[in-house]
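Note: the block below is upload10.pdb and it holds PDB, C-alpha atoms.
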```pdb
MODEL        1
ATOM      1  CA  MET A   1      -1.766  68.171  27.823  1.00  0.00           C
ATOM      2  CA  GLU A   2      -3.396  68.704  31.166  1.00  0.00           C
ATOM      3  CA  ILE A   3      -6.502  70.799  31.700  1.00  0.00           C
ATOM      4  CA  LYS A   4      -5.808  72.703  34.872  1.00  0.00           C
ATOM      5  CA  LYS A   5      -8.968  74.775  35.339  1.00  0.00           C
ATOM      6  CA  HIS A   6     -11.409  74.761  32.425  1.00  0.00           C
ATOM      7  CA  TYR A   7     -11.953  73.266  28.976  1.00  0.00           C
ATOM      8  CA  CYS A   8     -11.499  76.779  27.533  1.00  0.00           C
ATOM      9  CA  GLU A   9      -7.744  76.147  27.862  1.00  0.00           C
ATOM     10  CA  VAL A  10      -8.066  73.520  25.122  1.00  0.00           C
ATOM     11  CA  MET A  11     -10.253  75.793  23.003  1.00  0.00           C
ATOM     12  CA  ASP A  12      -7.649  78.551  23.267  1.00  0.00           C
ATOM     13  CA  ILE A  13      -4.817  76.248  22.157  1.00  0.00           C
ATOM     14  CA  VAL A  14      -6.805  74.838  19.238  1.00  0.00           C
ATOM     15  CA  ASP A  15      -7.822  78.375  18.226  1.00  0.00           C
ATOM     16  CA  LYS A  16      -4.184  79.523  18.151  1.00  0.00           C
ATOM     17  CA  LEU A  17      -3.131  76.327  16.386  1.00  0.00           C
ATOM     18  CA  PHE A  18      -5.492  76.824  13.450  1.00  0.00           C
ATOM     19  CA  VAL A  19      -4.802  80.562  13.070  1.00  0.00           C
ATOM     20  CA  THR A  20      -1.052  79.865  13.074  1.00  0.00           C
ATOM     21  CA  MET A  21      -1.457  76.976  10.648  1.00  0.00           C
ATOM     22  CA  PHE A  22      -3.550  79.028   8.190  1.00  0.00           C
ATOM     23  CA  ASP A  23      -1.188  82.026   8.446  1.00  0.00           C
ATOM     24  CA  SER A  24       1.787  79.768   7.788  1.00  0.00           C
ATOM     25  CA  LEU A  25       0.138  78.107   4.782  1.00  0.00           C
ATOM     26  CA  ASN A  26      -0.750  81.467   3.250  1.00  0.00           C
ATOM     27  CA  ALA A  27       2.741  82.862   3.823  1.00  0.00           C
ATOM     28  CA  SER A  28       4.986  79.928   2.941  1.00  0.00           C
ATOM     29  CA  CYS A  29       2.948  78.167   0.246  1.00  0.00           C
ATOM     30  CA  LYS A  30       1.932  81.052  -2.020  1.00  0.00           C
ATOM     31  CA  LYS A  31       3.317  79.474  -5.207  1.00  0.00           C
ATOM     32  CA  GLU A  32       1.686  76.145  -4.481  1.00  0.00           C
ATOM     33  CA  LEU A  33      -1.669  77.758  -3.669  1.00  0.00           C
ATOM     34  CA  GLU A  34      -1.498  79.784  -6.913  1.00  0.00           C
ATOM     35  CA  ALA A  35      -0.743  76.634  -8.942  1.00  0.00           C
ATOM     36  CA  ILE A  36      -3.652  74.784  -7.345  1.00  0.00           C
ATOM     37  CA  GLY A  37      -5.884  77.823  -7.886  1.00  0.00           C
ATOM     38  CA  ARG A  38      -5.136  77.839 -11.631  1.00  0.00           C
ATOM     39  CA  GLN A  39      -6.254  74.226 -11.986  1.00  0.00           C
ATOM     40  CA  TYR A  40      -8.990  74.244  -9.343  1.00  0.00           C
ATOM     41  CA  PRO A  41     -10.210  77.828  -8.816  1.00  0.00           C
ATOM     42  CA  PHE A  42     -11.011  78.655  -5.205  1.00  0.00           C
ATOM     43  CA  GLU A  43     -11.482  81.713  -3.040  1.00  0.00           C
ATOM     44  CA  PRO A  44      -8.760  82.486  -0.502  1.00  0.00           C
ATOM     45  CA  LEU A  45      -9.467  81.151   2.960  1.00  0.00           C
ATOM     46  CA  LYS A  46     -11.180  83.677   5.229  1.00  0.00           C
ATOM     47  CA  TYR A  47     -10.950  83.331   8.970  1.00  0.00           C
ATOM     48  CA  LEU A  48     -11.091  85.490  12.069  1.00  0.00           C
ATOM     49  CA  ARG A  49      -7.893  86.350  13.898  1.00  0.00           C
ATOM     50  CA  LYS A  50      -9.824  86.040  17.141  1.00  0.00           C
ATOM     51  CA  THR A  51     -12.325  83.209  17.137  1.00  0.00           C
ATOM     52  CA  LEU A  52     -15.836  83.876  18.359  1.00  0.00           C
ATOM     53  CA  TRP A  53     -16.583  81.842  21.459  1.00  0.00           C
ATOM     54  CA  LEU A  54     -20.171  81.229  22.458  1.00  0.00           C
ATOM     55  CA  THR A  55     -21.357  79.557  25.594  1.00  0.00           C
ATOM     56  CA  PHE A  56     -23.952  76.845  25.104  1.00  0.00           C
ATOM     57  CA  LYS A  57     -26.564  79.133  26.649  1.00  0.00           C
ATOM     58  CA  LYS A  58     -25.819  81.993  24.206  1.00  0.00           C
ATOM     59  CA  MET A  59     -25.683  79.652  21.234  1.00  0.00           C
ATOM     60  CA  PHE A  60     -28.960  78.050  22.234  1.00  0.00           C
ATOM     61  CA  LYS A  61     -30.696  81.439  22.543  1.00  0.00           C
ATOM     62  CA  CYS A  62     -29.446  82.447  19.082  1.00  0.00           C
ATOM     63  CA  SER A  63     -30.471  79.163  17.542  1.00  0.00           C
ATOM     64  CA  ARG A  64     -33.957  79.285  19.058  1.00  0.00           C
ATOM     65  CA  ALA A  65     -34.487  82.871  17.879  1.00  0.00           C
ATOM     66  CA  ASP A  66     -33.266  82.236  14.327  1.00  0.00           C
ATOM     67  CA  PHE A  67     -33.955  78.565  13.719  1.00  0.00           C
ATOM     68  CA  VAL A  68     -36.973  77.662  15.801  1.00  0.00           C
ATOM     69  CA  GLY A  69     -37.482  73.937  15.571  1.00  0.00           C
ATOM     70  CA  CYS A  70     -33.890  73.027  14.645  1.00  0.00           C
ATOM     71  CA  PHE A  71     -32.997  71.891  18.142  1.00  0.00           C
ATOM     72  CA  ASP A  72     -35.048  69.611  20.314  1.00  0.00           C
ATOM     73  CA  ILE A  73     -33.522  69.304  23.784  1.00  0.00           C
ATOM     74  CA  ARG A  74     -36.035  66.586  24.680  1.00  0.00           C
ATOM     75  CA  GLU A  75     -34.526  64.273  22.075  1.00  0.00           C
ATOM     76  CA  ASN A  76     -31.752  61.878  23.148  1.00  0.00           C
ATOM     77  CA  GLY A  77     -32.712  61.939  26.795  1.00  0.00           C
ATOM     78  CA  GLY A  78     -32.338  65.691  27.184  1.00  0.00           C
ATOM     79  CA  SER A  79     -29.094  66.077  25.276  1.00  0.00           C
ATOM     80  CA  ARG A  80     -28.741  68.298  22.241  1.00  0.00           C
ATOM     81  CA  GLY A  81     -30.093  66.853  19.048  1.00  0.00           C
ATOM     82  CA  PHE A  82     -31.329  67.901  15.658  1.00  0.00           C
ATOM     83  CA  VAL A  83     -34.950  67.404  14.749  1.00  0.00           C
TER      84      VAL A  83
ENDMDL
END
```
Once more with this new file: its structure as structure tokens, please.
Amino acid sequence: MEIKKHYCEVMDIVDKLFVTMFDSLNASCKKELEAIGRQYPFEPLKYLRKTLWLTFKKMFKCSRADFVGCFDIRENGGSRGFV
């Protein structure tokens, strides 16, 4: 695969891949999922049809507002890191 303009092309393909894969599993493997669920109870998989995309800047603002101290951009020579 070639990225022609932006890495969001890859994100879009991976997004569609997983939604299609999960839809297909739920539709074509109902009996198998029910059998597994009887032996190992689990909740059905929940996922968004349209994946939420956040830019680094938006994600960083959210993380600083909600989880002050979780990220230290000074660590690892200025790259993202967990404290």
*Atom pair atom CA of Asp23 of chain A / atom CA of Pro41 of chain A: separation (Å)*: 19.9 Å
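Of note, atom CA of Lys50 of chain A and atom CA of His6 of chain A are spaced 19.1 Å apart.
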*Run the PyMOL selection byres ((chain A and resi 45) around 12) mentally over the shown coordinates, then write out the matched residues as a list in words, using the chain letters and numbers from the document.*
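Expected selection for the PyMOL selection byres ((chain A and resi 45) around 12) here is Val19, Met21, Phe22, Asp23, Leu25, Asn26, Leu33, Gly37, Phe42, Glu43, Pro44, Lys46, Tyr47 and Leu48 of chain A.
Considering the residues A:Asp15, A:Ser28, A:Ala35, A:Thr20 and counting only C-alpha atoms, Thr51 of chain A has its shortest atom-to-atom contact with A:Asp15.
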*Quick one, how far is atom CA of Thr55 of chain A from atom CA of Val14 of chain A?*
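That distance, rounded to one decimal, is 16.6 Å.
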For segment 39-67 of chain A of the block above, can you save N, CA and C atoms as a CSV table (one decimal), in the first residue's frame?
```csv
chain,number,residue,atom,x,y,z
A,39,GLN,N,-19.8,-21.6,27.5
A,39,GLN,CA,-18.7,-22.1,28.3
A,39,GLN,C,-17.9,-21.0,29.0
A,40,TYR,N,-17.7,-19.9,28.3
A,40,TYR,CA,-17.0,-18.8,28.8
A,40,TYR,C,-17.9,-17.5,28.6
A,41,PRO,N,-18.7,-17.2,29.5
A,41,PRO,CA,-19.6,-16.1,29.4
A,41,PRO,C,-18.9,-14.8,29.1
A,42,PHE,N,-19.4,-14.1,28.1
A,42,PHE,CA,-18.8,-12.8,27.7
A,42,PHE,C,-19.9,-11.9,27.2
A,43,GLU,N,-19.7,-10.6,27.3
A,43,GLU,CA,-20.6,-9.6,26.7
A,43,GLU,C,-20.3,-9.5,25.2
A,44,PRO,N,-21.4,-9.2,24.4
A,44,PRO,CA,-21.1,-9.0,23.0
A,44,PRO,C,-20.2,-7.8,22.8
A,45,LEU,N,-19.4,-7.9,21.7
A,45,LEU,CA,-18.5,-6.9,21.4
A,45,LEU,C,-19.2,-5.6,21.0
A,46,LYS,N,-18.8,-4.5,21.6
A,46,LYS,CA,-19.4,-3.2,21.3
A,46,LYS,C,-18.4,-2.3,20.6
A,47,TYR,N,-18.7,-1.7,19.5
A,47,TYR,CA,-17.8,-0.9,18.8
A,47,TYR,C,-18.6,0.2,18.0
A,48,LEU,N,-17.9,1.3,17.7
A,48,LEU,CA,-18.5,2.3,16.9
A,48,LEU,C,-18.5,2.0,15.4
A,49,ARG,N,-19.5,2.4,14.7
A,49,ARG,CA,-19.5,2.2,13.3
A,49,ARG,C,-18.5,3.2,12.6
A,50,LYS,N,-18.5,4.4,13.2
A,50,LYS,CA,-17.5,5.4,12.8
A,50,LYS,C,-16.6,5.6,13.9
A,51,THR,N,-15.3,5.3,13.7
A,51,THR,CA,-14.3,5.5,14.7
A,51,THR,C,-14.0,6.9,15.0
A,52,LEU,N,-13.8,7.2,16.3
A,52,LEU,CA,-13.5,8.6,16.7
A,52,LEU,C,-12.0,8.8,16.4
A,53,TRP,N,-11.7,9.8,15.7
A,53,TRP,CA,-10.3,10.2,15.4
A,53,TRP,C,-10.0,11.5,16.1
A,54,LEU,N,-8.9,11.4,16.9
A,54,LEU,CA,-8.4,12.6,17.6
A,54,LEU,C,-7.0,13.0,17.1
A,55,THR,N,-6.8,14.2,16.9
A,55,THR,CA,-5.4,14.7,16.6
A,55,THR,C,-4.6,14.6,17.8
A,56,PHE,N,-3.3,14.6,17.7
A,56,PHE,CA,-2.5,14.5,18.9
A,56,PHE,C,-2.8,15.7,19.8
A,57,LYS,N,-3.0,16.9,19.2
A,57,LYS,CA,-3.2,18.1,20.0
A,57,LYS,C,-4.5,18.0,20.8
A,58,LYS,N,-5.6,17.5,20.2
A,58,LYS,CA,-6.8,17.3,20.9
A,58,LYS,C,-6.7,16.3,22.0
A,59,MET,N,-6.1,15.2,21.7
A,59,MET,CA,-5.9,14.1,22.7
A,59,MET,C,-5.1,14.6,23.8
A,60,PHE,N,-4.1,15.4,23.6
A,60,PHE,CA,-3.2,15.9,24.6
A,60,PHE,C,-4.0,16.8,25.5
A,61,LYS,N,-4.8,17.7,24.9
A,61,LYS,CA,-5.6,18.6,25.7
A,61,LYS,C,-6.6,17.8,26.6
A,62,CYS,N,-7.2,16.8,26.1
A,62,CYS,CA,-8.1,16.0,26.9
A,62,CYS,C,-7.4,15.3,28.0
A,63,SER,N,-6.2,14.8,27.7
A,63,SER,CA,-5.5,14.0,28.7
A,63,SER,C,-5.0,14.9,29.8
A,64,ARG,N,-4.6,16.1,29.5
A,64,ARG,CA,-4.1,17.1,30.5
A,64,ARG,C,-5.2,17.5,31.4
A,65,ALA,N,-6.4,17.7,30.8
A,65,ALA,CA,-7.5,18.2,31.6
A,65,ALA,C,-8.0,17.1,32.5
A,66,ASP,N,-8.0,15.9,32.1
A,66,ASP,CA,-8.6,14.8,32.9
A,66,ASP,C,-7.6,14.0,33.7
A,67,PHE,N,-6.4,13.9,33.2
A,67,PHE,CA,-5.4,13.0,33.8
A,67,PHE,C,-4.1,13.8,34.0
```
